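Trainee: The file below is my_file_13.csv, CSV, C-alpha atoms:
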```csv
chain,number,residue,atom,x,y,z
A,1,MET,CA,0.0,0.0,0.0
A,2,ALA,CA,2.9,2.3,0.7
A,3,GLU,CA,4.1,1.5,-2.7
A,4,ALA,CA,0.6,2.3,-4.0
A,5,VAL,CA,0.9,5.7,-2.2
A,6,ALA,CA,4.2,6.5,-3.9
A,7,GLU,CA,3.1,5.6,-7.4
A,8,ASN,CA,-0.2,7.5,-7.0
A,9,LYS,CA,1.3,10.8,-6.0
A,10,SER,CA,0.9,12.5,-9.3
A,11,ARG,CA,-2.6,11.1,-9.9
A,12,GLU,CA,-5.8,12.8,-8.9
A,13,ARG,CA,-7.3,10.8,-6.0
A,14,VAL,CA,-10.9,10.0,-6.9
A,15,PRO,CA,-13.2,7.3,-5.6
A,16,MET,CA,-13.0,4.2,-7.8
A,17,ASN,CA,-14.2,0.6,-7.6
A,18,GLY,CA,-16.5,1.6,-4.8
A,19,VAL,CA,-13.3,2.6,-2.8
A,20,ASN,CA,-13.2,6.1,-1.4
A,21,THR,CA,-9.6,6.5,-2.5
A,22,PRO,CA,-9.1,10.0,-0.9
A,23,THR,CA,-10.3,8.6,2.5
A,24,LEU,CA,-8.0,5.5,2.0
A,25,PHE,CA,-5.0,7.7,1.6
A,26,ALA,CA,-6.1,10.0,4.4
A,27,THR,CA,-6.4,7.0,6.7
A,28,ILE,CA,-2.9,5.8,5.7
A,29,ASN,CA,-1.5,9.2,6.5
A,30,ALA,CA,-3.3,9.5,9.8
A,31,VAL,CA,-1.9,6.2,10.9
A,32,LYS,CA,1.5,7.2,9.8
A,33,ALA,CA,1.4,10.3,12.0
A,34,GLN,CA,-0.2,8.5,14.9
A,35,PRO,CA,0.8,4.7,14.9
A,36,GLU,CA,-1.3,3.8,18.0
A,37,LEU,CA,-4.4,4.3,15.8
A,38,ALA,CA,-3.4,1.1,14.0
A,39,THR,CA,-4.0,-1.1,17.1
A,40,PHE,CA,-7.2,-3.1,16.6
A,41,ARG,CA,-8.8,-5.9,18.6
A,42,PHE,CA,-11.5,-8.0,16.9
A,43,THR,CA,-13.9,-10.1,19.0
A,44,ALA,CA,-16.3,-13.0,18.4
A,45,THR,CA,-18.6,-14.7,21.0
A,46,ASN,CA,-19.7,-18.2,20.3
A,47,GLN,CA,-22.5,-20.3,21.9
A,48,TRP,CA,-23.0,-24.0,21.6
A,49,LEU,CA,-26.5,-24.9,20.4
A,50,LYS,CA,-26.4,-28.7,20.1
A,51,GLY,CA,-24.3,-31.4,18.8
A,52,THR,CA,-21.7,-29.8,16.5
A,53,HIS,CA,-23.8,-26.7,15.9
A,54,SER,CA,-22.8,-23.4,17.3
A,55,ARG,CA,-23.4,-19.7,16.6
A,56,SER,CA,-21.0,-16.8,16.7
A,57,ARG,CA,-21.7,-13.1,17.0
A,58,ILE,CA,-19.2,-10.7,15.5
A,59,GLU,CA,-20.3,-7.3,16.6
A,60,LEU,CA,-17.8,-5.2,18.6
A,61,PHE,CA,-14.3,-4.3,17.9
A,62,THR,CA,-11.9,-1.6,19.1
A,63,GLY,CA,-9.4,0.3,17.0
A,64,ALA,CA,-8.4,3.8,16.0
A,65,GLY,CA,-8.8,4.7,19.6
A,66,ALA,CA,-12.5,3.8,19.9
A,67,GLU,CA,-15.0,1.0,20.2
A,68,HIS,CA,-17.0,0.2,17.1
A,69,ARG,CA,-20.1,-1.9,16.3
A,70,HIS,CA,-20.7,-3.7,13.0
A,71,THR,CA,-23.8,-2.5,11.3
A,72,GLY,CA,-24.3,-5.4,8.8
A,73,ASP,CA,-24.8,-9.2,9.4
A,74,VAL,CA,-23.2,-10.1,12.7
A,75,GLN,CA,-24.5,-13.7,13.4
A,76,PHE,CA,-23.0,-16.8,11.8
A,77,ASP,CA,-23.5,-20.5,12.5
A,78,ALA,CA,-21.3,-23.5,11.9
A,79,ASP,CA,-22.1,-27.2,12.0
A,80,HIS,CA,-21.0,-30.5,10.6
A,81,PRO,CA,-22.8,-32.0,7.7
A,82,ALA,CA,-24.7,-35.3,8.0
A,83,VAL,CA,-21.8,-37.2,6.5
A,84,LEU,CA,-19.8,-35.9,9.4
A,85,VAL,CA,-22.5,-36.7,12.0
A,86,GLY,CA,-23.9,-33.2,12.2
A,87,GLY,CA,-27.2,-31.4,11.4
A,88,ASP,CA,-25.7,-29.3,8.5
A,89,ALA,CA,-27.3,-26.1,9.8
A,90,ALA,CA,-24.3,-24.2,8.2
A,91,PRO,CA,-20.9,-24.9,6.7
A,92,THR,CA,-18.2,-26.5,8.7
A,93,PRO,CA,-15.7,-24.4,10.7
A,94,VAL,CA,-12.9,-25.1,8.3
A,95,GLU,CA,-14.9,-23.7,5.4
A,96,PHE,CA,-15.0,-20.3,7.0
A,97,LEU,CA,-11.2,-20.3,6.5
A,98,LEU,CA,-11.8,-20.5,2.8
A,99,HIS,CA,-14.2,-17.6,2.9
A,100,ALA,CA,-11.8,-15.6,5.0
A,101,ILE,CA,-8.8,-15.9,2.7
A,102,ALA,CA,-10.9,-15.2,-0.5
A,103,ALA,CA,-12.5,-12.1,1.1
A,104,CYS,CA,-9.3,-10.8,2.5
A,105,ILE,CA,-7.3,-10.9,-0.7
A,106,THR,CA,-10.3,-9.6,-2.7
A,107,ALA,CA,-10.7,-6.6,-0.4
A,108,GLY,CA,-7.0,-5.8,-0.9
A,109,ILE,CA,-7.5,-6.1,-4.7
A,110,GLY,CA,-10.4,-3.6,-4.5
A,111,ASN,CA,-8.2,-1.1,-2.5
A,112,ILE,CA,-5.0,-1.6,-4.4
A,113,ALA,CA,-6.6,-1.3,-7.8
A,114,ALA,CA,-8.3,1.9,-6.8
A,115,ALA,CA,-5.0,3.3,-5.4
A,116,ARG,CA,-3.3,2.4,-8.8
A,117,GLY,CA,-6.1,4.0,-10.8
A,118,VAL,CA,-7.3,0.6,-12.3
A,119,LYS,CA,-11.0,0.2,-12.8
A,120,LEU,CA,-12.0,-3.4,-12.0
A,121,THR,CA,-14.7,-5.2,-13.9
A,122,SER,CA,-14.8,-8.5,-12.1
A,123,VAL,CA,-12.9,-10.4,-9.4
A,124,GLU,CA,-13.8,-14.0,-8.8
A,125,SER,CA,-12.0,-16.8,-6.9
A,126,THR,CA,-12.4,-20.4,-6.1
A,127,VAL,CA,-10.8,-21.7,-2.9
A,128,GLU,CA,-10.2,-25.4,-2.2
A,129,GLY,CA,-8.9,-27.0,0.9
A,130,ASP,CA,-7.9,-30.6,1.2
A,131,ILE,CA,-8.2,-32.4,4.5
A,132,ASP,CA,-7.8,-36.0,5.6
A,133,LEU,CA,-10.2,-36.6,8.4
A,134,ARG,CA,-8.1,-39.4,9.9
A,135,GLY,CA,-6.3,-36.6,11.7
A,136,ILE,CA,-9.3,-35.2,13.7
A,137,LEU,CA,-10.8,-38.7,14.1
A,138,GLY,CA,-7.7,-39.8,15.9
A,139,LEU,CA,-7.1,-42.7,13.5
A,140,SER,CA,-3.5,-41.7,12.4
A,141,ASP,CA,-0.7,-39.9,14.2
A,142,GLU,CA,0.9,-39.1,10.9
A,143,VAL,CA,-2.1,-37.2,9.5
A,144,ARG,CA,-2.4,-33.6,10.6
A,145,ASN,CA,-5.8,-32.3,11.9
A,146,GLY,CA,-6.0,-29.3,9.5
A,147,PHE,CA,-5.9,-28.7,5.8
A,148,GLN,CA,-2.9,-30.3,4.1
A,149,GLN,CA,-3.0,-27.6,1.5
A,150,MET,CA,-5.2,-24.8,0.1
A,151,ARG,CA,-5.5,-23.3,-3.4
A,152,VAL,CA,-6.9,-20.0,-4.3
A,153,ASP,CA,-7.6,-19.4,-8.0
A,154,PHE,CA,-8.4,-15.8,-9.0
A,155,ARG,CA,-10.0,-14.6,-12.2
A,156,ILE,CA,-9.7,-10.8,-12.6
A,157,THR,CA,-10.7,-8.4,-15.4
A,158,GLY,CA,-10.3,-4.6,-15.6
A,159,ASP,CA,-9.1,-1.7,-17.7
A,160,ALA,CA,-5.4,-2.6,-17.4
A,161,ASP,CA,-3.2,-5.1,-19.2
A,162,PRO,CA,-3.1,-8.6,-17.7
A,163,GLN,CA,0.4,-8.1,-16.1
A,164,LYS,CA,-0.8,-5.1,-14.2
A,165,LEU,CA,-3.9,-6.9,-13.0
A,166,ARG,CA,-1.7,-9.8,-11.9
A,167,GLU,CA,0.5,-7.4,-9.9
A,168,ILE,CA,-2.5,-6.1,-8.1
A,169,VAL,CA,-3.4,-9.6,-6.9
A,170,ASP,CA,0.3,-10.2,-6.0
A,171,GLN,CA,0.3,-7.0,-3.9
A,172,ALA,CA,-3.0,-7.9,-2.2
A,173,LYS,CA,-1.5,-11.3,-1.3
A,174,ALA,CA,1.6,-9.6,0.0
A,175,ARG,CA,-0.5,-7.4,2.3
A,176,SER,CA,-3.2,-9.9,3.3
A,177,ALA,CA,-3.8,-10.5,7.0
A,178,VAL,CA,-5.6,-13.8,6.5
A,179,TYR,CA,-2.9,-15.1,4.0
A,180,ASP,CA,-0.3,-14.3,6.7
A,181,VAL,CA,-2.2,-16.1,9.4
A,182,LEU,CA,-2.9,-19.2,7.3
A,183,THR,CA,0.6,-19.6,5.9
A,184,ASN,CA,2.7,-18.6,8.9
A,185,GLY,CA,0.5,-19.4,11.9
A,186,ILE,CA,-0.1,-17.4,15.0
A,187,PRO,CA,0.0,-18.0,18.7
A,188,VAL,CA,-3.4,-19.0,20.1
A,189,ALA,CA,-3.9,-19.1,23.9
A,190,ILE,CA,-6.9,-21.1,25.2
A,191,THR,CA,-8.4,-20.8,28.7
A,192,VAL,CA,-11.1,-22.9,30.3
A,193,ASP,CA,-13.5,-22.0,33.0
A,194,SER,CA,-15.4,-25.2,33.9
A,195,ALA,CA,-18.1,-25.9,36.5
A,196,ARG,CA,-20.6,-28.7,37.2
A,197,GLY,CA,-24.0,-27.4,36.4
B,1,MET,CA,-11.4,-39.5,19.5
B,2,ALA,CA,-9.6,-42.9,19.4
B,3,GLU,CA,-9.1,-42.5,23.1
B,4,ALA,CA,-12.8,-41.7,23.4
B,5,VAL,CA,-13.6,-44.9,21.5
B,6,ALA,CA,-11.5,-46.9,23.9
B,7,GLU,CA,-12.9,-45.5,27.1
B,8,ASN,CA,-16.4,-45.7,25.8
B,9,LYS,CA,-16.3,-49.4,24.9
B,10,SER,CA,-18.2,-50.7,27.9
B,11,ARG,CA,-20.8,-47.9,27.8
B,12,GLU,CA,-24.0,-48.0,26.0
B,13,ARG,CA,-23.8,-45.7,23.0
B,14,VAL,CA,-26.8,-43.5,23.0
B,15,PRO,CA,-27.4,-40.1,21.4
B,16,MET,CA,-26.3,-37.3,23.7
B,17,ASN,CA,-25.9,-33.5,23.5
B,18,GLY,CA,-27.6,-33.7,20.1
B,19,VAL,CA,-24.8,-35.9,18.9
B,20,ASN,CA,-25.8,-39.2,17.4
B,21,THR,CA,-23.1,-41.1,19.2
B,22,PRO,CA,-23.8,-44.5,17.7
B,23,THR,CA,-23.4,-42.9,14.2
B,24,LEU,CA,-20.3,-41.1,15.4
B,25,PHE,CA,-18.6,-44.4,16.3
B,26,ALA,CA,-19.9,-46.1,13.2
B,27,THR,CA,-18.3,-43.3,11.1
B,28,ILE,CA,-15.0,-43.7,13.0
B,29,ASN,CA,-15.0,-47.5,12.4
B,30,ALA,CA,-16.0,-47.1,8.7
B,31,VAL,CA,-13.0,-44.7,8.1
B,32,LYS,CA,-10.7,-47.0,10.1
B,33,ALA,CA,-11.7,-49.9,7.7
B,34,GLN,CA,-11.6,-47.8,4.6
B,35,PRO,CA,-9.1,-44.8,5.0
B,36,GLU,CA,-9.9,-43.3,1.6
B,37,LEU,CA,-13.3,-42.3,2.9
B,38,ALA,CA,-11.4,-39.7,5.1
B,39,THR,CA,-10.3,-37.6,2.1
B,40,PHE,CA,-12.4,-34.5,1.9
B,41,ARG,CA,-12.2,-31.4,-0.3
B,42,PHE,CA,-14.0,-28.2,0.8
B,43,THR,CA,-14.7,-25.4,-1.7
B,44,ALA,CA,-15.8,-21.8,-1.5
B,45,THR,CA,-16.4,-19.4,-4.5
B,46,ASN,CA,-16.1,-15.7,-3.9
B,47,GLN,CA,-17.2,-12.8,-6.0
B,48,TRP,CA,-16.1,-9.2,-5.5
B,49,LEU,CA,-19.1,-6.8,-5.2
B,50,LYS,CA,-17.5,-3.4,-4.8
B,51,GLY,CA,-14.8,-1.7,-2.8
B,52,THR,CA,-13.8,-4.1,0.0
B,53,HIS,CA,-17.1,-6.0,-0.1
B,54,SER,CA,-17.3,-9.6,-1.4
B,55,ARG,CA,-19.5,-12.6,-1.1
B,56,SER,CA,-18.6,-16.3,-0.8
B,57,ARG,CA,-20.8,-19.3,-1.5
B,58,ILE,CA,-19.9,-22.4,0.5
B,59,GLU,CA,-22.0,-25.1,-1.0
B,60,LEU,CA,-20.3,-28.1,-2.4
B,61,PHE,CA,-17.8,-30.5,-1.0
B,62,THR,CA,-16.5,-34.0,-1.7
B,63,GLY,CA,-15.7,-36.7,0.8
B,64,ALA,CA,-16.5,-40.2,1.8
B,65,GLY,CA,-16.3,-41.0,-1.9
B,66,ALA,CA,-19.1,-38.7,-3.0
B,67,GLU,CA,-20.1,-35.1,-3.7
B,68,HIS,CA,-22.2,-33.3,-1.1
B,69,ARG,CA,-24.2,-30.1,-1.0
B,70,HIS,CA,-24.8,-28.1,2.2
B,71,THR,CA,-28.5,-27.6,3.1
B,72,GLY,CA,-28.2,-24.7,5.5
B,73,ASP,CA,-26.9,-21.2,5.0
B,74,VAL,CA,-24.3,-21.1,2.2
B,75,GLN,CA,-23.8,-17.4,1.4
B,76,PHE,CA,-21.5,-15.1,3.5
B,77,ASP,CA,-20.3,-11.6,2.9
B,78,ALA,CA,-17.2,-9.8,4.2
B,79,ASP,CA,-16.3,-6.1,4.1
B,80,HIS,CA,-14.3,-3.5,5.9
B,81,PRO,CA,-16.0,-1.2,8.4
B,82,ALA,CA,-16.2,2.5,7.8
B,83,VAL,CA,-13.2,3.2,10.0
B,84,LEU,CA,-11.2,0.9,7.6
B,85,VAL,CA,-12.6,2.6,4.5
B,86,GLY,CA,-15.3,0.1,3.8
B,87,GLY,CA,-19.1,-0.1,3.7
B,88,ASP,CA,-19.5,-2.5,6.7
B,89,ALA,CA,-21.9,-4.8,4.9
B,90,ALA,CA,-20.5,-7.7,7.0
B,91,PRO,CA,-17.5,-8.4,9.4
B,92,THR,CA,-14.0,-8.2,8.1
B,93,PRO,CA,-12.3,-11.3,6.7
B,94,VAL,CA,-10.0,-11.8,9.8
B,95,GLU,CA,-13.1,-11.9,12.1
B,96,PHE,CA,-14.2,-15.1,10.3
B,97,LEU,CA,-11.0,-16.7,11.7
B,98,LEU,CA,-12.4,-16.0,15.1
B,99,HIS,CA,-15.7,-17.7,14.2
B,100,ALA,CA,-13.9,-20.6,12.7
B,101,ILE,CA,-11.8,-21.5,15.7
B,102,ALA,CA,-14.6,-21.1,18.3
B,103,ALA,CA,-17.0,-23.2,16.2
B,104,CYS,CA,-14.4,-25.9,15.5
B,105,ILE,CA,-13.3,-26.5,19.1
B,106,THR,CA,-17.0,-26.2,20.2
B,107,ALA,CA,-18.1,-28.9,17.7
B,108,GLY,CA,-15.3,-31.1,19.1
B,109,ILE,CA,-16.5,-30.4,22.6
B,110,GLY,CA,-20.0,-31.6,21.6
B,111,ASN,CA,-18.7,-34.8,20.1
B,112,ILE,CA,-16.1,-35.6,22.7
B,113,ALA,CA,-18.5,-35.0,25.6
B,114,ALA,CA,-21.1,-37.3,24.1
B,115,ALA,CA,-18.4,-39.9,23.4
B,116,ARG,CA,-17.4,-39.7,27.1
B,117,GLY,CA,-21.0,-39.8,28.4
B,118,VAL,CA,-21.0,-36.2,29.7
B,119,LYS,CA,-24.1,-34.2,29.3
B,120,LEU,CA,-23.3,-30.6,28.5
B,121,THR,CA,-25.4,-27.7,29.8
B,122,SER,CA,-23.6,-24.8,28.1
B,123,VAL,CA,-20.5,-24.0,26.2
B,124,GLU,CA,-19.6,-20.4,25.5
B,125,SER,CA,-16.5,-18.8,24.3
B,126,THR,CA,-15.0,-15.4,23.6
B,127,VAL,CA,-12.3,-15.1,21.0
B,128,GLU,CA,-10.1,-12.0,20.6
B,129,GLY,CA,-7.6,-11.3,18.0
B,130,ASP,CA,-5.0,-8.5,18.2
B,131,ILE,CA,-3.8,-6.8,15.0
B,132,ASP,CA,-1.6,-3.8,14.2
B,133,LEU,CA,-2.8,-2.4,10.9
B,134,ARG,CA,0.6,-0.8,10.1
B,135,GLY,CA,1.4,-4.2,8.6
B,136,ILE,CA,-1.4,-4.3,6.0
B,137,LEU,CA,-1.1,-0.6,5.4
B,138,GLY,CA,2.5,-1.0,4.4
B,139,LEU,CA,3.7,1.4,7.1
B,140,SER,CA,6.1,-0.9,8.9
B,141,ASP,CA,8.3,-3.8,7.8
B,142,GLU,CA,8.5,-5.0,11.3
B,143,VAL,CA,4.8,-5.4,11.9
B,144,ARG,CA,3.2,-8.6,10.5
B,145,ASN,CA,0.1,-8.4,8.4
B,146,GLY,CA,-2.0,-10.9,10.4
B,147,PHE,CA,-3.0,-11.3,14.0
B,148,GLN,CA,-0.2,-11.0,16.5
B,149,GLN,CA,-2.0,-13.3,18.9
B,150,MET,CA,-5.4,-14.8,19.5
B,151,ARG,CA,-7.1,-15.8,22.7
B,152,VAL,CA,-10.1,-18.2,23.1
B,153,ASP,CA,-11.7,-18.2,26.6
B,154,PHE,CA,-14.2,-21.1,27.1
B,155,ARG,CA,-16.9,-21.3,29.8
B,156,ILE,CA,-18.3,-24.8,30.0
B,157,THR,CA,-20.9,-26.5,32.3
B,158,GLY,CA,-22.2,-30.0,32.4
B,159,ASP,CA,-22.8,-33.1,34.6
B,160,ALA,CA,-19.2,-33.8,35.3
B,161,ASP,CA,-16.6,-32.4,37.6
B,162,PRO,CA,-14.7,-29.3,36.5
B,163,GLN,CA,-11.5,-31.3,35.7
B,164,LYS,CA,-13.3,-33.7,33.4
B,165,LEU,CA,-15.0,-30.8,31.6
B,166,ARG,CA,-11.6,-29.2,31.2
B,167,GLU,CA,-10.2,-32.4,29.7
B,168,ILE,CA,-12.9,-32.4,27.1
B,169,VAL,CA,-11.9,-28.9,26.0
B,170,ASP,CA,-8.3,-30.0,25.9
B,171,GLN,CA,-9.1,-33.0,23.8
B,172,ALA,CA,-11.2,-30.8,21.4
B,173,LYS,CA,-8.3,-28.5,21.0
B,174,ALA,CA,-5.9,-31.4,20.4
B,175,ARG,CA,-8.1,-32.6,17.6
B,176,SER,CA,-9.2,-29.3,16.1
B,177,ALA,CA,-8.6,-28.7,12.4
B,178,VAL,CA,-8.9,-24.9,12.7
B,179,TYR,CA,-6.6,-24.8,15.7
B,180,ASP,CA,-4.0,-26.8,13.8
B,181,VAL,CA,-4.2,-24.5,10.7
B,182,LEU,CA,-4.1,-21.2,12.8
B,183,THR,CA,-1.2,-22.2,15.0
B,184,ASN,CA,0.9,-24.2,12.5
B,185,GLY,CA,0.1,-22.7,9.2
B,186,ILE,CA,-0.6,-24.5,5.9
B,187,PRO,CA,0.7,-24.2,2.3
B,188,VAL,CA,-1.5,-21.9,0.3
B,189,ALA,CA,-1.0,-21.7,-3.5
B,190,ILE,CA,-2.5,-18.8,-5.4
B,191,THR,CA,-3.0,-18.6,-9.2
B,192,VAL,CA,-4.2,-15.6,-11.2
B,193,ASP,CA,-6.0,-15.6,-14.5
B,194,SER,CA,-6.1,-12.0,-15.6
B,195,ALA,CA,-7.5,-10.3,-18.8
B,196,ARG,CA,-8.3,-6.7,-19.9
B,197,GLY,CA,-12.1,-6.4,-20.1
```
Go ahead and render the structure in this file as structure tokens.

Mentor:
Amino acid sequence: MAEAVAENKSRERVPMNGVNTPTLFATINAVKAQPELATFRFTATNQWLKGTHSRSRIELFTGAGAEHRHTGDVQFDADHPAVLVGGDAAPTPVEFLLHAIAACITAGIGNIAAARGVKLTSVESTVEGDIDLRGILGLSDEVRNGFQQMRVDFRITGDADPQKLREIVDQAKARSAVYDVLTNGIPVAITVDSARG
Amino acid sequence: MAEAVAENKSRERVPMNGVNTPTLFATINAVKAQPELATFRFTATNQWLKGTHSRSRIELFTGAGAEHRHTGDVQFDADHPAVLVGGDAAPTPVEFLLHAIAACITAGIGNIAAARGVKLTSVESTVEGDIDLRGILGLSDEVRNGFQQMRVDFRITGDADPQKLREIVDQAKARSAVYDVLTNGIPVAITVDSARG
């Protein structure tokens, strides 16, 4: 994005691709001047419903020195399908990882294209994740619990040559929070408060 | 789960916590006999709508030697909030990682508790993820793009002593696909098909 700022200096900053580009650059400059604005904490609360079915609310987050509340959809279920002994009320937890990575890189593509003055026509992607359930079923110590690999295939069209469009996807990947988490891993601490009742 | 199988041998296998426990064990035994049934591929397709807003469909998956279609909710949006120069049509991509880990471990808790003959009363969790946006904004090479850390705090009640309930959460974590992905990382391959248009 810093790179995008540099290359965009001589260009008029107008909203594009549904991105308010002047606001985007104003935000980057505000954070540059006051780095503590960049500290965000996202929160989800989850409640078990029955079997493998649970529901999360994703509503509040803090950042830019304030607390915020999402205004769109905030409630999401997850379940196992019948073939995995669930009620199939919603996709499985692992499938939300597929949604997360596609949406993260695609949001970056929208922003970066606007910053570079490229008008997008379409961005579509297909994400696949391969998993061997012998891991989570405890049937093999050699099989990991999670996905063995994931593939994201992008199809992008816009008013730039194919190489420039490809570079926008590459930059979106290079700045994607979800891509970083999924490929590099993060520390996850788990606590348990348990009581008979 | 293998451990759960062993300890459950002498117990009558009845549905519990909304888990069809006999089916759960039948599934484990079927996969043990025919390991290729354990190979699953999950798929999401994502479409950019505008700005940072996109929509995923999570509908088809293959596994247990067949193709399957989810019957519950299959469409999920993601966006950036106003403070991050988006339209806030839905939570951010990274927040779906919070949903995924809570839902994954909670589904495991439902299954493992049933396998161990423990009747659950409630399972709730709060997930927090800390992120410094200077990474994705390209303002610091020392700040990573993704979450710096994540915390999952479980509150669980049921008809067992606190230690046994805690062990159920520990085993769910030890067999969680999403926990494995988020803490250890996975290979992610990205391809781009780009065209002027």

Trainee: Using only C-alpha atoms for the distances, tell me which of A:Gln34, A:Gly51, A:Glu67, A:Lys173 is nearest to chain B.

Mentor: A:Gly51

Trainee: Using all atoms listed in the file, find the one residue out of A:Val192, A:Val169, A:Leu84, A:Ala115 that sits nearest to Leu37 in chain B.

Mentor: A:Leu84

Trainee: Given all atoms listed in the file as the basis, pick out the residue of A:Gly117, A:Ala82, A:Ala89, A:Ala177 nearest to Ala103 in chain A.

Mentor: A:Ala177

Trainee: Set the distance at 8 Å and use all atoms listed in the file: which residues neighbour Arg55 in chain B once local chain neighbours fewer than 3 positions away are removed? I'd like the list as a PyMOL selection string.

Mentor: (chain A and resi 103) or (chain B and resi 46-49+75-78)

Trainee: Skip Pro35 in chain A itself and residues of its chain fewer than 5 positions away, then list as an MDAnalysis selection string all residues within 9 Å of it, counting all atoms listed in the file.

Mentor: (chainID A and resid 30) or (chainID B and resid 132:134 139)

Trainee: When distances are computed from all atoms listed in the file, which of B:Arg57, B:Lys164, B:Arg41, B:His68 shows the smallest separation from chain A?

Mentor: B:Arg41

Trainee: Fewer than 4 positions away in the same chain doesn't count, so skip those; otherwise give me all residues within 8 Å of range 181-191 of chain A, counting all atoms listed in the file, as a VMD selection string.

Mentor: (chain A and resid 177) or (chain B and resid 146 to 154 179 181 to 188)

Trainee: Can you work out which one of B:Ala64, B:Ala195, B:Ala26, B:Val178 has the shortest atom-to-atom distance to Gly129 in chain A, counting only C-alpha atoms?

Mentor: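 Using only C-alpha atoms, the shortest distance to Gly129 in chain A belongs to B:Val178.
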
Trainee: To one decimal place, how far is CA of Thr126 in chain A from CA of Ile156 in chain A in Å?

Mentor: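 Those two atoms sit 11.9 Å apart.
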
Trainee: For Thr92 in chain B, which of A:Thr52, A:Thr157, A:Thr43, A:Thr23 is the closest residue, counting all atoms listed in the file?

Mentor: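 Selected residue with least distance to Thr92 in chain B: A:Thr43.
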
Trainee: Do you have the CA of Val85 in chain A-CA of Thr121 in chain B distance handy?

Mentor: 20.2 Å

Trainee: Give me, as an NGL selection string, all polymer residues having an atom no more than 8 Å from range 69-71 of chain B, counting only C-alpha atoms and skipping those fewer than 4 positions away in the same chain.

Mentor: (:A and (81 or 88-91)) or (:B and (58-61))

Trainee: What does the distance from CA of Asp161 in chain A to CA of Ala102 in chain A come to in Å, to one decimal?

Mentor: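 Computed distance, CA of Asp161 in chain A to CA of Ala102 in chain A, equals 22.6 Å.
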
Trainee: Using only C-alpha atoms, determine which residues lie at most 10 Å from Asn111 in chain B, disregarding the query and same-chain residues fewer than 3 positions distant; provide the list as a PyMOL selection string.

Mentor: (chain A and resi 50-52+85-86) or (chain B and resi 1+4+16-21+24+105-108+114-118+168+172)
